[in-house]
Each structure stands twice: as C-alpha cells, then as structure tokens.
Amino acid sequence: MRQNLDKAFITTIKERCRVCYTCVRECPAKAIRIADGQAEVIPTRCIGCGNCVRVCSQQAKRVVNTTQEVVDLLDGGAPVAACVAPSFPAAFPGIDYRVFVGMIRKAGFAYVHEVAFGADLVARRYRELVEGTDGKRYIATTCPSIVGFVERYHPELVDSLAPIVSPMVASARALKLIYGPQIKIVFIGPCIAKKCEAADENLPNEVAGASTFLGLQRLFDAKCVTSDSATPSDFDPPHADLGALFPLAAGMLQAARIEENLVEGTVVSAAGRESFVEALQEFASGALDSRLLEILACPGCIMGPGMMTEAPLFNRRSRVSQYVRQSLPGRDRILWEQAMERFADLELSRQFKSHDQRVPAPSQGVLTEILAKMGKFKSQDQLNCGACGYETCREHAIAIHNGLAESKMCLPYTIDELGKTVRDLAVTNDRLAKMQEALVQSEKLASMGQLAAGIAHELNNPLGVVLMYAHLLLDEIEEGGKFKDDLSMITEQADRCKKIVAGLLHFARQNKVLLEPTDVRQLVDDALRVLQIPPHVDVQVEHTMADMTVEVDHDQIIQVLTNLISNACAAMPGGGTLLIRSASKGRDRFEIAVTDTGVGIPKDNIGKIFEPFFTTKGMGQGTGLGLAVTYGIVKMHRGDIRVKSNADRSAGPTTTTFTVSLPKRTEE
C-alpha cells in the first residue's frame, strides 16, 4: 500500500472548469473523471505528470501547495538542506546561478546542493546495469511519473523497472552521510510527481519535503528575498559533472556515457506524453528488444509543470546547456572523482509495487449498448475524432462503463442531440405561435362579442318597431301604389338588419355546449337538408369512421356545417364539386372536412377569415359573422378548425378545405 495513492496532489477549481476535455485528452493515465459537467482528477490513477496543469487554458487545475510545509521546516530549528534540480537555469532565466544560490540561503536554508551530483551517482549505476551480463531488459526509473504509470497501467512490467533510485533520493542519501541522519532535506524542482515520490512508502524519510520552482518563488515572496538582497555564493560540495544534463531528453545517457546506438539498439530513449506510452506498449509486447528503455513523461524535465518560465523548449535546453558549459570548467575534476569514489558503495537500490488501475472492458453486448446510446450503431458511426479526449469511440465507451466519462462528451452525439432539440423547439415554437394566434383571435371574439351584445340589445327593440310599422304600411297600400316599392325596400332592408342583429346576438351569446350522443351521418344529412344546394354543385359525402356516434351539441354543429357548406357553394358560382368527409383521428378525436373546387382564398386573407365582420362577398351578400361564429362554436367544443386553400391557378387547381377536429366523447 502506498501512502500517496489516495492523496490528491492535483485538484480542479470547479468555478474555472469549462469542460473542454483538454485535460482528458492530454492525460496519459486517463486519470480525469468527467461527472456532472466537471473534470475531476482521480488520485489513485494520477501519475503526477502535470500535463493537465500545463494544458488548462482556464488555469482550473491546482497543485497542492507545500510552501507552508517548507516554511515550517525552516522555522523548526534544525538545519535544512535544499536539493536543487539541474533544470533551475531554465526556471530562473536572467539570474546568475551564484545569485540564485544566495537567494536560497537567504530564504533560510543552511545548505544548498545540486541534485545533479546525485544524478552523477545514478548515471554510474545505469552504466553498470547496461554493461552487465544478466541479459535482462530494464526501464529507467529516473522519472517518478514513469514509475507511477508502470505500477498502475503496466503492472506486468514492474519487475523490469531498474532497481535504482532517482537522482533526488540519491542526493538525499549522500547528504545524510555528510551531515548525519538528522538533516532535513527539501527537494526543489520542476516536477509535481516529486511530491508523490516524497510520500512514497517504499522511500520512507528520504526527503522531508518537495517543492516546485513555483513554490520556491512563493517562498522568496513570503521571505521578501530578491536577487538584489542576496549575497552570491556557490553550491555546497560535492559539485556535479554531466549529471547536470539529466533534465534534457537523453541527458541521462550522456551523463552515464551510454551511447544510443541506432544499429545495436541496446538503449532506446523516448520523451513526451505520446512517445513514452507507445514505447512502454512496444516494450511490453516484446517489439522493443533494447536492454534499457530511458523515458521521461515530459519532453525533458525542463518542460515540467512546476517551471517558472513560458520560454519554448529549445530555449530552455539552451539555458541548461549554457550553464553546464560555463560551470564545468570552474569545477575541480579531482575533487569530483574523490566524491564519486567516496559514495561508490552508497546504497542506491529500491523496490517497486504494482497497483493495477487498468479498467476492465465490458462485454461486447454492453459496449454495443453504450455506443448505441451515443448514436453509433455501426462501425461507420465511430468517427474516432478524439473530441471527447479519448482516442477511439470504443475507449470512450469503456470509460463510460467504468464511470470515468459521460455520453455527452461525444461531440457528434451532442451535435445530433442539439439538432433534435432545435427541431423540437421549432415544433414547440410553431405550436406556441398557433396558440398565441388562437388566443389573439379569442380576445378579438370576446371584445367583439361584448360590443355586439350591447349593440344588438340596443337595436333590437327599435328595429322591431320599424319592421312592424313598415309591414303594416305595406299591407295597407294597394298593389301598384305610389309608395309600394319604397316600402318593400324598407321592409327588405329592415329584415336584413334583423338578421344581422340576430347574428350578433347569436355570436355574443355565452351559453354552454349541450353535449349529447349524435350520429355524424345524421349531422351531415341535416345540414344538407337545411340548405338549398345549387343544381350546378355536385355533392359527395364520405364516411370512414367505424363508430359514427360522437358527443356534440347537435344544433351548434349543424350551424357550423351549414356555414361551411354555404360558403363552399358561394365559392363555386360556376359549379364544382362539394366533398364532405368524416374520419377518425386516433382513438379520441374525429374530423369533418368540407372541400370545394371554388375560387380559393388568397393568402393575404387566410389570417383574417375568422375575424368578425370580415367578408369577401359583395355588398349586401354577407355579414362577416359566419366563420367567426363557427370558430367560437368549435372552440367551445374544445376542438380546432384549420383551413387549406389555393387561389393561384398557376400553382394547381383552385380549392379550399375547412377541417374541423373535435373530441369524440365528453371529458370527465
């Protein structure tokens, strides 16, 4: 059991996380769980490489801050030694290394040493390992992220890990021989994984703490240490040699004077997220037969997430190389050799333990079901676009099965779902528009109804008097009398006014619908019997309902049909066909459609036909209340009326169809 497995060294600031899945894509261990739209680092799966920290443009990843722990060590009274990683020239550009060492001393450290000397010790052991005759293949263990990755995701390769400590641990062990076991050692470098290594149960009490260069800058700020306030000084001995090249890709090989011979293939070097994963896969499969696989999780330690600079890769390489070129000529080679001889027998071995974090793949049936939920029913649907952060749709589906991912991470799936939502919203919007139109129409009818009721009641009595006396006068005048024609005109127009007033009263009435079982065929027959159909109109009736009995107000529906049929006949002055059809619409509704082959209704008038007093008939031929009354009756029946018409002969035969949709039975 490892102490650091459950400790979160990297966490997510949820307020900043925008769920771009970049961290998922860049995490070689797939240690990022997406849940409820938030990215969460899983401590047991995390190898501390810091890729997620480096690539997060929103700075939503937070590394555990150990600055206070370092401050507590410095204030504890015991001497504390700082072990500085050899990548420091790239982390603090523009500061002479002597000034940099002086700043560390001013911050409170009693000793300042180069981890590069520990790298020299480690490099010598790797050279001995490669030159050995055991024939075993090894994976270099200088990078703690690589060690963590092998232990978690290639447990079958744990025995292949080189049993050699990292330069940090080698330096710590050498310093304890120099100063005694009571010395407190703090590692300072570019790597988050070093914090994990410092808490490794297999390496107990090697270092008291680990900090990144960013943490060191926080310490400088807390202690008010600047380059101007520090007294320049050199690192404490023993000084380093080519171990200072360790932070560069293949730097360990040069420090160990091991040649990466492309012909013999004894040693293979790889660095970076994609390269190291592929190299380990080939090593595990046996496709890579090198004696030593030297790999780093980053493109060199100079690109670690704890660096202080935004400089590009080769600029950082140049700064480290420049430091080595400038510092080595000033070092005493004899003293270095003596120090290497002194620590020739230093214990630099270590052990490793597997901690398998590989997620099991579900059965093919379960996998197929998960893929189907994302709209991937066949192989062509699996685009493997990588937008979700996983290389293939299959890997994404496996992650979903193991609770590491969500279906909505799939961009094509999300786009399809968004398209469906947009289409559903369009349908809903269309329904809302129709409902709004119906509401406006109802408001118009209500207002006109109130107005019509008032006018009708006021006119009804005086109009009755006019009619009565007009008829009396007409009866008293003999045929051919002087005022006979005038009185006939008065009575005719007064009768018309009476019909208009009666229509207004009928339109304005607020009585309830009287529902009773009624045969649809009887409704149509009664409506046709009431009306006088012109001889030039051919009437056709079609009934397709299995059960013709419905619950409606007989008289009111008769009025609806007579209004629609009379309008249809009026639209065919030259003759035509009148078709009346009834049909079921589902289990609960039925429709009656009245179709004519008349002149049609112009598009501009479609939206006005149900408005009171709107009519296209000639003067004295219509009141404009028929369709308004029809609309009101249909709505009182909790029904709907639709119209479809073509008045443009160039677009096809002219025709008009009014469709009335009503419930079959009374709602409880």
# chains A, B, ... in the order shown; residues from 1 in each chain; ligands from 1
call {"tool": "residues_around", "arguments": {"residues": "Met572 (chain A)", "least_positions_apart": "5", "cutoff": "12 Å", "atoms": "only C-alpha atoms", "output": "NGL selection string"}}
result
:A and (533-538 or 565-567 or 577-578 or 595-600 or 654-656)
call {"tool": "write_last_selection", "arguments": {"atoms": "C-alpha atoms", "output": "PDB file, in the first residue's frame"}}
result
ATOM      1  CA  ILE A 533     -77.682  23.261 -52.760  1.00  0.00           C
ATOM      2  CA  PRO A 534     -77.379  24.862 -56.220  1.00  0.00           C
ATOM      3  CA  PRO A 535     -78.051  22.408 -59.052  1.00  0.00           C
ATOM      4  CA  HIS A 536     -74.633  23.006 -60.622  1.00  0.00           C
ATOM      5  CA  VAL A 537     -72.810  21.785 -57.462  1.00  0.00           C
ATOM      6  CA  ASP A 538     -72.066  18.066 -57.232  1.00  0.00           C
ATOM      7  CA  ILE A 565     -71.265  24.357 -46.802  1.00  0.00           C
ATOM      8  CA  SER A 566     -72.953  27.629 -47.762  1.00  0.00           C
ATOM      9  CA  ASN A 567     -69.544  29.333 -48.042  1.00  0.00           C
ATOM     10  CA  THR A 577     -67.701  19.614 -56.513  1.00  0.00           C
ATOM     11  CA  LEU A 578     -68.503  19.758 -52.808  1.00  0.00           C
ATOM     12  CA  THR A 595     -63.781  20.742 -49.567  1.00  0.00           C
ATOM     13  CA  ASP A 596     -64.838  22.781 -52.577  1.00  0.00           C
ATOM     14  CA  THR A 597     -63.348  23.304 -56.023  1.00  0.00           C
ATOM     15  CA  GLY A 598     -64.125  27.019 -55.981  1.00  0.00           C
ATOM     16  CA  VAL A 599     -62.007  30.093 -56.478  1.00  0.00           C
ATOM     17  CA  GLY A 600     -59.936  29.581 -53.307  1.00  0.00           C
ATOM     18  CA  THR A 654     -58.016  26.079 -57.003  1.00  0.00           C
ATOM     19  CA  THR A 655     -59.622  24.579 -53.938  1.00  0.00           C
ATOM     20  CA  THR A 656     -60.418  25.197 -50.288  1.00  0.00           C
TER      21      THR A 656
END
call {"tool": "residues_around", "arguments": {"residues": "region 157-165 of chain A", "least_positions_apart": "3", "cutoff": "6 Å", "atoms": "only C-alpha atoms", "output": "PyMOL selection string"}}
result
chain A and resi 138-141+154+169+348-350
call {"tool": "write_last_selection", "arguments": {"atoms": "N, CA and C atoms", "output": "compact mmCIF listing (two decimals), in the first residue's frame"}}
result
# COMPACT_ATOMS: atom_id res chain seq x y z
N TYR A 138 15.55 -3.52 -18.99
CA TYR A 138 15.18 -2.62 -17.91
C TYR A 138 14.51 -1.35 -18.45
N ILE A 139 13.68 -0.78 -17.58
CA ILE A 139 13.07 0.54 -17.84
C ILE A 139 13.66 1.50 -16.82
N ALA A 140 14.22 2.61 -17.29
CA ALA A 140 14.84 3.59 -16.39
C ALA A 140 13.79 4.16 -15.43
N THR A 141 14.22 4.42 -14.20
CA THR A 141 13.29 4.89 -13.15
C THR A 141 13.67 6.27 -12.63
N HIS A 154 0.88 -0.82 -16.33
CA HIS A 154 1.65 -1.95 -16.87
C HIS A 154 2.24 -2.73 -15.70
N VAL A 169 16.59 11.05 -4.61
CA VAL A 169 16.82 10.16 -3.48
C VAL A 169 18.31 9.88 -3.31
N LEU A 348 21.93 2.58 -3.45
CA LEU A 348 21.08 3.30 -4.40
C LEU A 348 19.98 2.40 -4.99
N SER A 349 19.71 1.31 -4.31
CA SER A 349 18.67 0.41 -4.81
C SER A 349 17.32 0.75 -4.17
N ARG A 350 16.27 0.27 -4.79
CA ARG A 350 14.92 0.46 -4.27
C ARG A 350 14.00 -0.62 -4.81
call {"tool": "closest_atom_pairs", "arguments": {"of": "region 311-414 of chain A", "to": "region 39-52 of chain A", "cutoff": "10 Å", "atoms": "only C-alpha atoms", "output": "Markdown table"}}
result
| residue | atom | partner | partner_atom | distance |
| --- | --- | --- | --- | --- |
| A:His355 | CA | A:Thr44 | CA | 8.9 |
| A:Asp356 | CA | A:Arg45 | CA | 9.2 |
| A:Gln357 | CA | A:Arg45 | CA | 6.4 |
| A:Arg358 | CA | A:Arg45 | CA | 9.0 |
| A:Leu404 | CA | A:Ile42 | CA | 9.4 |
| A:Ala405 | CA | A:Ala39 | CA | 9.5 |
call {"tool": "closest_residue", "arguments": {"among": "A:Ile592, A:Glu492, A:Pro360, A:Gly574", "to": "Val524 (chain A)", "atoms": "only C-alpha atoms"}}
result
A:Ile592
call {"tool": "closest_residue", "arguments": {"among": "A:Glu294, A:Glu406, A:Glu282, A:Asp640", "to": "Ser269 (chain A)", "atoms": "only C-alpha atoms"}}
result
A:Glu294
call {"tool": "closest_residue", "arguments": {"among": "A:Ala198, A:Leu418, A:Val594, A:Val359", "to": "Gly403 (chain A)", "atoms": "only C-alpha atoms"}}
result
A:Val359
call {"tool": "closest_residue", "arguments": {"among": "A:Cys17, A:Ala593, A:Arg218, A:Ile302", "to": "Ser318 (chain A)", "atoms": "only C-alpha atoms"}}
result
A:Ile302
call {"tool": "residues_around", "arguments": {"residues": "region 83-100 of chain A", "least_positions_apart": "4", "cutoff": "8 Å", "atoms": "only C-alpha atoms", "output": "mmCIF file with N, CA and C atoms, in the first residue's frame"}}
result
data_model
loop_
_atom_site.group_PDB
_atom_site.id
_atom_site.type_symbol
_atom_site.label_atom_id
_atom_site.label_comp_id
_atom_site.auth_asym_id
_atom_site.auth_seq_id
_atom_site.Cartn_x
_atom_site.Cartn_y
_atom_site.Cartn_z
ATOM 1 N N ILE A 104 18.539 31.373 -2.146
ATOM 2 C CA ILE A 104 18.047 30.209 -1.404
ATOM 3 C C ILE A 104 18.586 30.232 0.030
ATOM 4 N N VAL A 112 22.877 24.360 0.384
ATOM 5 C CA VAL A 112 22.273 24.331 -0.948
ATOM 6 C C VAL A 112 23.109 23.412 -1.825
ATOM 7 N N HIS A 113 22.496 22.315 -2.271
ATOM 8 C CA HIS A 113 23.222 21.314 -3.055
ATOM 9 C C HIS A 113 22.555 21.102 -4.406
ATOM 10 N N GLU A 114 23.400 20.608 -5.330
ATOM 11 C CA GLU A 114 22.903 20.256 -6.653
ATOM 12 C C GLU A 114 22.430 18.804 -6.663
ATOM 13 N N VAL A 115 21.181 18.588 -7.112
ATOM 14 C CA VAL A 115 20.708 17.218 -7.332
ATOM 15 C C VAL A 115 21.515 16.574 -8.453
ATOM 16 N N ALA A 116 22.160 17.405 -9.257
ATOM 17 C CA ALA A 116 22.947 16.883 -10.373
ATOM 18 C C ALA A 116 24.047 15.939 -9.912
ATOM 19 N N MET A 168 17.049 12.512 -7.016
ATOM 20 C CA MET A 168 16.633 13.184 -5.781
ATOM 21 C C MET A 168 16.951 12.328 -4.565
ATOM 22 N N SER A 171 20.753 11.935 -3.984
ATOM 23 C CA SER A 171 21.317 13.118 -3.338
ATOM 24 C C SER A 171 20.990 13.138 -1.853
ATOM 25 N N ALA A 172 19.732 12.789 -1.516
ATOM 26 C CA ALA A 172 19.325 12.795 -0.110
ATOM 27 C C ALA A 172 20.141 11.798 0.702
ATOM 28 N N ILE A 185 15.908 17.548 4.498
ATOM 29 C CA ILE A 185 16.201 17.793 3.087
ATOM 30 C C ILE A 185 14.917 18.150 2.356
ATOM 31 N N VAL A 186 14.987 19.231 1.586
ATOM 32 C CA VAL A 186 13.854 19.674 0.762
ATOM 33 C C VAL A 186 14.294 19.673 -0.698
ATOM 34 N N PHE A 187 13.570 18.929 -1.512
ATOM 35 C CA PHE A 187 13.840 18.909 -2.946
ATOM 36 C C PHE A 187 13.117 20.075 -3.606
ATOM 37 N N ILE A 188 13.808 20.749 -4.529
ATOM 38 C CA ILE A 188 13.212 21.863 -5.276
ATOM 39 C C ILE A 188 13.429 21.596 -6.758
ATOM 40 N N GLY A 189 12.336 21.484 -7.505
ATOM 41 C CA GLY A 189 12.487 21.168 -8.923
ATOM 42 C C GLY A 189 11.248 21.500 -9.729
ATOM 43 N N PRO A 190 11.176 20.983 -10.969
ATOM 44 C CA PRO A 190 10.088 21.342 -11.881
ATOM 45 C C PRO A 190 8.923 20.360 -11.881
ATOM 46 N N PHE A 213 9.590 24.816 -8.481
ATOM 47 C CA PHE A 213 10.211 26.138 -8.607
ATOM 48 C C PHE A 213 9.188 27.240 -8.355
ATOM 49 N N SER A 227 16.827 39.154 -5.863
ATOM 50 C CA SER A 227 18.199 38.973 -6.363
ATOM 51 C C SER A 227 19.120 40.074 -5.860
ATOM 52 N N ALA A 230 20.336 39.351 -2.068
ATOM 53 C CA ALA A 230 21.064 38.117 -1.768
ATOM 54 C C ALA A 230 22.555 38.290 -1.982
ATOM 55 N N THR A 231 23.340 37.549 -1.193
ATOM 56 C CA THR A 231 24.791 37.517 -1.339
ATOM 57 C C THR A 231 25.165 36.325 -2.204
ATOM 58 N N PRO A 232 25.793 36.556 -3.366
ATOM 59 C CA PRO A 232 26.126 35.439 -4.251
ATOM 60 C C PRO A 232 27.030 34.415 -3.571
ATOM 61 N N SER A 233 26.779 33.128 -3.879
ATOM 62 C CA SER A 233 27.630 32.053 -3.366
ATOM 63 C C SER A 233 27.476 30.844 -4.265
ATOM 64 N N ASP A 234 28.385 29.885 -4.135
ATOM 65 C CA ASP A 234 28.346 28.679 -4.956
ATOM 66 C C ASP A 234 27.576 27.586 -4.217
ATOM 67 N N PHE A 235 27.214 26.545 -4.974
ATOM 68 C CA PHE A 235 26.600 25.380 -4.348
ATOM 69 C C PHE A 235 27.583 24.745 -3.371
ATOM 70 N N GLY A 243 25.959 15.138 -14.750
ATOM 71 C CA GLY A 243 24.620 14.896 -14.211
ATOM 72 C C GLY A 243 23.716 16.103 -14.357
ATOM 73 N N ALA A 244 24.307 17.272 -14.586
ATOM 74 C CA ALA A 244 23.524 18.484 -14.815
ATOM 75 C C ALA A 244 22.729 18.419 -16.109
ATOM 76 N N LEU A 245 23.002 17.420 -16.969
ATOM 77 C CA LEU A 245 22.265 17.264 -18.225
ATOM 78 C C LEU A 245 21.016 16.398 -18.066
ATOM 79 N N PHE A 246 20.781 15.874 -16.875
ATOM 80 C CA PHE A 246 19.648 14.976 -16.655
ATOM 81 C C PHE A 246 18.300 15.578 -17.067
ATOM 82 N N PRO A 247 18.035 16.884 -16.895
ATOM 83 C CA PRO A 247 16.706 17.399 -17.259
ATOM 84 C C PRO A 247 16.446 17.432 -18.756
ATOM 85 N N CYS A 301 12.814 17.263 -18.345
ATOM 86 C CA CYS A 301 12.328 17.860 -17.093
ATOM 87 C C CYS A 301 12.206 19.371 -17.183
ATOM 88 N N ILE A 302 12.876 19.968 -18.145
ATOM 89 C CA ILE A 302 12.791 21.419 -18.316
ATOM 90 C C ILE A 302 11.385 21.859 -18.718
ATOM 91 N N MET A 307 7.662 24.677 -13.619
ATOM 92 C CA MET A 307 8.627 25.683 -14.086
ATOM 93 C C MET A 307 8.041 27.081 -13.974
ATOM 94 N N MET A 308 8.952 28.071 -13.934
ATOM 95 C CA MET A 308 8.540 29.465 -13.760
ATOM 96 C C MET A 308 8.495 30.249 -15.069
ATOM 97 N N THR A 309 8.859 29.633 -16.170
ATOM 98 C CA THR A 309 9.040 30.363 -17.416
ATOM 99 C C THR A 309 8.054 29.906 -18.480
ATOM 100 N N ARG A 316 14.873 26.659 -23.400
ATOM 101 C CA ARG A 316 15.178 26.094 -22.087
ATOM 102 C C ARG A 316 16.371 25.138 -22.173
ATOM 103 N N ARG A 317 16.393 24.328 -23.215
ATOM 104 C CA ARG A 317 17.546 23.428 -23.411
ATOM 105 C C ARG A 317 18.835 24.220 -23.493
ATOM 106 N N ARG A 319 19.559 27.091 -22.212
ATOM 107 C CA ARG A 319 19.963 27.679 -20.923
ATOM 108 C C ARG A 319 20.651 26.630 -20.036
ATOM 109 N N VAL A 320 20.106 25.398 -20.029
ATOM 110 C CA VAL A 320 20.742 24.345 -19.234
ATOM 111 C C VAL A 320 22.111 24.002 -19.806
ATOM 112 N N TYR A 323 24.605 26.670 -18.931
ATOM 113 C CA TYR A 323 25.055 26.589 -17.539
ATOM 114 C C TYR A 323 26.117 25.505 -17.383
#
call {"tool": "closest_residue", "arguments": {"among": "A:Ile400, A:Cys497, A:Val150, A:Val660", "to": "Val366 (chain A)", "atoms": "only C-alpha atoms"}}
result
A:Ile400
call {"tool": "residues_around", "arguments": {"residues": "His401 (chain A)", "least_positions_apart": "5", "cutoff": "12 Å", "atoms": "only C-alpha atoms", "output": "ChimeraX atom specification"}}
result
/A:359-371,394-396,406-407
call {"tool": "residues_around", "arguments": {"residues": "region 57-63 of chain A", "least_positions_apart": "3", "cutoff": "12 Å", "atoms": "only C-alpha atoms", "output": "ChimeraX atom specification"}}
result
/A:7-23,32,38-41,48-54,66-67,191-193,195-196,211-212,214-215,305-306
call {"tool": "write_last_selection", "arguments": {"atoms": "C-alpha atoms", "output": "compact mmCIF listing (two decimals), in the first residue's frame"}}
result
# COMPACT_ATOMS: atom_id res chain seq x y z
CA LYS A 7 -3.80 11.92 -1.67
CA ALA A 8 -4.91 14.46 -4.25
CA PHE A 9 -1.81 16.29 -5.49
CA ILE A 10 -3.81 17.95 -8.29
CA THR A 11 -7.38 19.21 -7.87
CA THR A 12 -9.88 21.08 -10.05
CA ILE A 13 -11.18 24.59 -9.39
CA LYS A 14 -14.76 23.93 -10.44
CA GLU A 15 -15.62 27.59 -10.95
CA ARG A 16 -12.98 27.80 -13.69
CA CYS A 17 -13.51 24.43 -15.38
CA ARG A 18 -15.18 24.90 -18.79
CA VAL A 19 -15.32 21.17 -19.64
CA CYS A 20 -13.25 21.41 -22.82
CA TYR A 21 -11.89 17.88 -22.25
CA THR A 22 -8.34 19.08 -22.99
CA CYS A 23 -7.13 17.62 -19.70
CA ILE A 32 -9.61 12.57 -15.25
CA GLN A 38 -16.91 18.84 -14.15
CA ALA A 39 -13.40 17.45 -14.59
CA GLU A 40 -12.09 15.68 -11.52
CA VAL A 41 -8.60 14.23 -11.01
CA GLY A 48 1.64 13.43 -11.27
CA CYS A 49 2.94 14.23 -14.78
CA GLY A 50 1.17 17.61 -14.66
CA ASN A 51 0.02 17.58 -18.29
CA CYS A 52 -3.44 18.63 -17.16
CA VAL A 53 -1.96 21.62 -15.31
CA ARG A 54 0.13 22.65 -18.29
CA THR A 66 3.68 22.67 0.07
CA THR A 67 5.18 26.11 0.71
CA CYS A 191 8.11 18.18 -11.18
CA ILE A 192 4.79 17.61 -9.42
CA ALA A 193 5.46 13.87 -9.36
CA LYS A 195 5.79 15.40 -4.35
CA CYS A 196 4.26 11.97 -4.93
CA SER A 211 8.55 21.87 -3.75
CA THR A 212 8.37 23.09 -7.31
CA LEU A 214 6.87 27.92 -8.43
CA GLY A 215 6.72 27.04 -4.73
CA PRO A 305 4.62 21.86 -14.88
CA GLY A 306 6.41 23.45 -11.93
